[in-house]
Amino acid sequence: MKYYLILLALVLVNCTTKVKKENIKVVENSRVNYLPYYNDATFTPNWITPNTLEEKEFHKIPEFSLTNQLGNTVTNKTFTNKIFIADFFFTSCPGICPKMTDNMFKIQEEFKNDSEILLLSHSVTPSIDSVSVLKTYADNHNVENNKWHLVTGSKEQIYDLGRNHYFVENDLGVTKSIDDFLHTENFLLIDKNKHIRGIYNGLNRASVAQLITDIKALKKEG
């Protein structure tokens, strides 16, 4: 009798454990297609259901007008119904930029045949990085034109976008002017509605791998 009671107890424990595992899977599956939204420089994740009123009123990358390596104007409309990855670099950078460019190239190659995915690299030395300089840089790094836009333009606009809308810098609470150099290793994942959905270290292999995974998850949102 004692043996049967022990056996029954083990069966009940196993059943309880199984139910808990199933519950965990349901929770995981409920989020598998949704990435968080980010609203400010703290990058606090906000779990919002896509295509709701709350989502429509959330922070977006504002309108902009810049020029790419082909001399073509690049605006918000260039990214209509596109997911894109943004970063900030300069062609003469001897430090972090070459590694960032290599990792952006990996993303380009991963989604080379996917018309929904674009890349956008802003020059933080636009007075030096003219269209011809960007074109030479693009050619030297096997950039796919119209897939990966290297852009120049107004320094005021580029720095405003980077600091106040993409929130790319890590030094929170530090007031900066146009004379303070903008330099960051961060990559930003932007959805089709111009919302920020992820920030990644563009120098870190694992972080870039996570970005590629998150791009695929974001595509599933539709």
# chains A, B, ... in the order shown; residues from 1 in each chain; ligands from 1
>>> closest_atom_pairs(of="segment 27-71 of chain A", to="segment 198-216 of chain A", cutoff="9 Å", atoms="only C-alpha atoms", output="Markdown table")
| residue | atom | partner | partner_atom | distance |
| --- | --- | --- | --- | --- |
| A:Leu35 | CA | A:Asp214 | CA | 7.5 |
| A:Pro36 | CA | A:Gly198 | CA | 7.4 |
| A:Tyr37 | CA | A:Gly198 | CA | 7.5 |
| A:Tyr38 | CA | A:Gly198 | CA | 7.4 |
| A:Phe43 | CA | A:Ile199 | CA | 8.1 |
| A:Pro45 | CA | A:Gly198 | CA | 9.0 |
>>> select_by_dssp(residues="segment 32-218 of chain A", states="strand (DSSP E)", output="number ranges by chain")
A: 65-67, 73-75, 83-89, 117-123, 148-151, 186-190, 196-201
>>> write_last_selection(atoms="N, CA, C and O atoms", output="short mmCIF file (atom, residue, chain, number, x, y, z; two decimals), in the first residue's frame")
data_model
loop_
_atom_site.label_atom_id
_atom_site.label_comp_id
_atom_site.auth_asym_id
_atom_site.auth_seq_id
_atom_site.Cartn_x
_atom_site.Cartn_y
_atom_site.Cartn_z
N SER A 65 15.56 64.32 -45.21
CA SER A 65 15.96 64.35 -46.61
C SER A 65 17.47 64.42 -46.68
O SER A 65 18.09 65.40 -46.25
N LEU A 66 18.09 63.35 -47.20
CA LEU A 66 19.54 63.24 -47.28
C LEU A 66 19.91 62.76 -48.69
O LEU A 66 19.04 62.49 -49.51
N THR A 67 21.21 62.65 -48.96
CA THR A 67 21.68 62.26 -50.29
C THR A 67 22.60 61.05 -50.19
O THR A 67 23.51 61.03 -49.36
N THR A 73 18.30 61.47 -53.76
CA THR A 73 17.69 61.92 -52.51
C THR A 73 17.06 60.74 -51.78
O THR A 73 16.33 59.94 -52.38
N VAL A 74 17.36 60.64 -50.50
CA VAL A 74 16.83 59.57 -49.65
C VAL A 74 15.95 60.22 -48.59
O VAL A 74 16.42 61.10 -47.85
N THR A 75 14.69 59.81 -48.51
CA THR A 75 13.75 60.36 -47.54
C THR A 75 13.02 59.23 -46.84
O THR A 75 13.28 58.05 -47.10
N ILE A 83 11.66 47.48 -43.61
CA ILE A 83 12.39 47.40 -42.34
C ILE A 83 13.80 47.87 -42.65
O ILE A 83 14.36 47.50 -43.69
N PHE A 84 14.39 48.71 -41.78
CA PHE A 84 15.75 49.11 -42.06
C PHE A 84 16.61 49.17 -40.80
O PHE A 84 16.12 49.29 -39.69
N ILE A 85 17.91 49.06 -41.04
CA ILE A 85 18.91 49.11 -39.97
C ILE A 85 19.72 50.38 -40.18
O ILE A 85 20.22 50.63 -41.28
N ALA A 86 19.81 51.20 -39.15
CA ALA A 86 20.50 52.48 -39.24
C ALA A 86 21.75 52.49 -38.37
O ALA A 86 21.78 51.88 -37.30
N ASP A 87 22.77 53.20 -38.85
CA ASP A 87 23.94 53.45 -38.02
C ASP A 87 24.56 54.78 -38.42
O ASP A 87 24.10 55.45 -39.35
N PHE A 88 25.62 55.19 -37.70
CA PHE A 88 26.29 56.47 -37.91
C PHE A 88 27.79 56.20 -37.98
O PHE A 88 28.35 55.58 -37.08
N PHE A 89 28.45 56.69 -39.03
CA PHE A 89 29.85 56.37 -39.28
C PHE A 89 30.52 57.54 -40.00
O PHE A 89 29.89 58.56 -40.27
N ILE A 117 14.12 44.56 -46.69
CA ILE A 117 15.17 44.96 -45.75
C ILE A 117 16.15 45.91 -46.43
O ILE A 117 16.74 45.58 -47.46
N LEU A 118 16.34 47.11 -45.82
CA LEU A 118 17.30 48.09 -46.31
C LEU A 118 18.26 48.49 -45.19
O LEU A 118 17.97 48.27 -44.02
N LEU A 119 19.37 49.11 -45.56
CA LEU A 119 20.36 49.59 -44.61
C LEU A 119 20.59 51.08 -44.85
O LEU A 119 20.58 51.53 -46.01
N LEU A 120 20.84 51.82 -43.76
CA LEU A 120 21.01 53.26 -43.85
C LEU A 120 22.16 53.70 -42.94
O LEU A 120 22.05 53.64 -41.71
N SER A 121 23.26 54.15 -43.54
CA SER A 121 24.43 54.60 -42.79
C SER A 121 24.60 56.10 -42.98
O SER A 121 24.80 56.57 -44.10
N HIS A 122 24.53 56.85 -41.86
CA HIS A 122 24.64 58.31 -41.89
C HIS A 122 26.09 58.73 -41.65
O HIS A 122 26.70 58.31 -40.66
N SER A 123 26.63 59.60 -42.49
CA SER A 123 27.96 60.13 -42.24
C SER A 123 27.88 61.22 -41.18
O SER A 123 27.07 62.14 -41.27
N TRP A 148 21.76 49.42 -49.65
CA TRP A 148 22.46 50.01 -48.51
C TRP A 148 22.79 51.46 -48.87
O TRP A 148 23.62 51.73 -49.72
N HIS A 149 22.11 52.38 -48.23
CA HIS A 149 22.27 53.81 -48.51
C HIS A 149 23.30 54.41 -47.55
O HIS A 149 23.10 54.40 -46.34
N LEU A 150 24.39 54.95 -48.11
CA LEU A 150 25.34 55.73 -47.34
C LEU A 150 24.98 57.19 -47.60
O LEU A 150 25.00 57.63 -48.76
N VAL A 151 24.63 57.94 -46.56
CA VAL A 151 24.06 59.26 -46.80
C VAL A 151 24.85 60.40 -46.17
O VAL A 151 25.46 60.26 -45.11
N ASN A 186 26.50 51.83 -32.17
CA ASN A 186 25.18 51.22 -32.13
C ASN A 186 24.51 51.10 -33.49
O ASN A 186 24.61 52.00 -34.34
N PHE A 187 23.80 49.98 -33.69
CA PHE A 187 22.92 49.76 -34.82
C PHE A 187 21.48 49.85 -34.30
O PHE A 187 21.20 49.37 -33.19
N LEU A 188 20.59 50.43 -35.09
CA LEU A 188 19.19 50.55 -34.70
C LEU A 188 18.31 49.79 -35.68
O LEU A 188 18.49 49.90 -36.90
N LEU A 189 17.36 49.03 -35.15
CA LEU A 189 16.40 48.31 -35.98
C LEU A 189 15.09 49.10 -36.03
O LEU A 189 14.49 49.37 -34.99
N ILE A 190 14.67 49.47 -37.23
CA ILE A 190 13.49 50.32 -37.42
C ILE A 190 12.44 49.54 -38.22
O ILE A 190 12.75 48.95 -39.26
N ILE A 196 11.40 52.46 -33.45
CA ILE A 196 12.62 51.77 -33.04
C ILE A 196 12.24 50.47 -32.34
O ILE A 196 11.50 50.47 -31.37
N ARG A 197 12.78 49.35 -32.83
CA ARG A 197 12.43 48.05 -32.26
C ARG A 197 13.64 47.31 -31.68
O ARG A 197 13.47 46.21 -31.15
N GLY A 198 14.83 47.92 -31.76
CA GLY A 198 15.99 47.26 -31.16
C GLY A 198 17.24 48.11 -31.31
O GLY A 198 17.36 48.91 -32.24
N ILE A 199 18.15 47.96 -30.35
CA ILE A 199 19.46 48.61 -30.41
C ILE A 199 20.52 47.55 -30.16
O ILE A 199 20.35 46.67 -29.30
N TYR A 200 21.63 47.59 -30.94
CA TYR A 200 22.60 46.52 -30.93
C TYR A 200 24.01 47.10 -31.02
O TYR A 200 24.23 48.14 -31.64
N ASN A 201 24.96 46.39 -30.43
CA ASN A 201 26.36 46.78 -30.51
C ASN A 201 26.91 46.31 -31.86
O ASN A 201 27.06 45.10 -32.09
#
>>> closest_residue(among="A:Lys220, A:Thr101, A:Asn76, A:Asn81", to="Pro62 of chain A", atoms="only C-alpha atoms")
A:Asn76
>>> closest_residue(among="A:His141, A:Lys135, A:Lys176, A:Lys219", to="Lys192 of chain A", atoms="only C-alpha atoms")
A:Lys219
>>> closest_residue(among="A:Thr175, A:Asn140, A:Thr184, A:Asn145", to="Cys97 of chain A", atoms="only C-alpha atoms")
A:Thr184
>>> atom_distance(atom1="atom CA of Gln157 of chain A", atom2="atom CA of Pro126 of chain A")
10.4 Å
>>> closest_residue(among="A:Leu172, A:Ile96, A:Leu182, A:Ile48", to="His195 of chain A", atoms="only C-alpha atoms")
A:Ile48
>>> closest_residue(among="A:Asn68, A:Thr125, A:Asn113, A:Asn193", to="Tyr159 of chain A", atoms="only C-alpha atoms")
A:Thr125
>>> select_by_dssp(residues="chain A", states="alpha helix (DSSP H)", output="ChimeraX atom specification")
/A:2-31,53-56,97-110,131-140,155-164,205-220
>>> closest_residue(among="A:Thr80, A:Asn164, A:Thr42, A:Thr49", to="Asp191 of chain A", atoms="only C-alpha atoms")
A:Thr80
>>> residues_around(residues="Tyr166 of chain A", least_positions_apart="3", cutoff="9 Å", atoms="only C-alpha atoms", output="PDB file with N, CA and C atoms, in the first residue's frame")
ATOM      1  N   ASP A  40      12.644  56.312 -25.921  1.00  0.00           N
ATOM      2  CA  ASP A  40      13.592  57.360 -25.541  1.00  0.00           C
ATOM      3  C   ASP A  40      14.982  56.761 -25.333  1.00  0.00           C
ATOM      4  N   ALA A  41      15.908  57.611 -24.902  1.00  0.00           N
ATOM      5  CA  ALA A  41      17.306  57.213 -24.797  1.00  0.00           C
ATOM      6  C   ALA A  41      17.584  56.188 -23.702  1.00  0.00           C
ATOM      7  N   LYS A  60       8.386  57.846 -33.394  1.00  0.00           N
ATOM      8  CA  LYS A  60       8.786  57.465 -34.749  1.00  0.00           C
ATOM      9  C   LYS A  60       9.983  58.296 -35.199  1.00  0.00           C
ATOM     10  N   ILE A  61      10.738  57.747 -36.131  1.00  0.00           N
ATOM     11  CA  ILE A  61      11.789  58.524 -36.782  1.00  0.00           C
ATOM     12  C   ILE A  61      11.084  59.563 -37.658  1.00  0.00           C
ATOM     13  N   ALA A  86      19.815  51.197 -39.148  1.00  0.00           N
ATOM     14  CA  ALA A  86      20.503  52.483 -39.243  1.00  0.00           C
ATOM     15  C   ALA A  86      21.754  52.494 -38.373  1.00  0.00           C
ATOM     16  N   ASP A 160      20.890  65.803 -35.257  1.00  0.00           N
ATOM     17  CA  ASP A 160      19.584  65.821 -34.598  1.00  0.00           C
ATOM     18  C   ASP A 160      18.917  64.455 -34.692  1.00  0.00           C
ATOM     19  N   LEU A 161      18.979  63.843 -35.860  1.00  0.00           N
ATOM     20  CA  LEU A 161      18.417  62.502 -36.021  1.00  0.00           C
ATOM     21  C   LEU A 161      19.094  61.516 -35.077  1.00  0.00           C
ATOM     22  N   GLY A 162      20.423  61.530 -35.053  1.00  0.00           N
ATOM     23  CA  GLY A 162      21.161  60.568 -34.237  1.00  0.00           C
ATOM     24  C   GLY A 162      20.907  60.716 -32.757  1.00  0.00           C
ATOM     25  N   ARG A 163      20.949  61.949 -32.270  1.00  0.00           N
ATOM     26  CA  ARG A 163      20.849  62.183 -30.826  1.00  0.00           C
ATOM     27  C   ARG A 163      19.413  62.226 -30.317  1.00  0.00           C
ATOM     28  N   GLU A 169      23.542  57.547 -28.890  1.00  0.00           N
ATOM     29  CA  GLU A 169      24.654  57.696 -27.949  1.00  0.00           C
ATOM     30  C   GLU A 169      24.315  57.120 -26.584  1.00  0.00           C
ATOM     31  N   LEU A 188      20.591  50.430 -35.088  1.00  0.00           N
ATOM     32  CA  LEU A 188      19.188  50.551 -34.698  1.00  0.00           C
ATOM     33  C   LEU A 188      18.305  49.788 -35.676  1.00  0.00           C
ATOM     34  N   ILE A 196      11.396  52.462 -33.453  1.00  0.00           N
ATOM     35  CA  ILE A 196      12.620  51.772 -33.038  1.00  0.00           C
ATOM     36  C   ILE A 196      12.241  50.470 -32.340  1.00  0.00           C
TER      37      ILE A 196
END
>>> residues_around(residues="Val131 of chain A", least_positions_apart="6", cutoff="7 Å", atoms="only C-alpha atoms", output="VMD selection string")
chain A and resid 68 to 71
>>> write_last_selection(atoms="C-alpha atoms", output="PDB file, in the first residue's frame")
ATOM      1  CA  ASN A  68      23.162  58.816 -50.925  1.00  0.00           C
ATOM      2  CA  GLN A  69      26.306  57.572 -52.679  1.00  0.00           C
ATOM      3  CA  LEU A  70      24.578  57.720 -56.064  1.00  0.00           C
ATOM      4  CA  GLY A  71      23.580  61.342 -55.602  1.00  0.00           C
TER       5      GLY A  71
END
>>> atom_distance(atom1="atom CA of Ala217 of chain A", atom2="atom CA of Phe79 of chain A")
18.5 Å
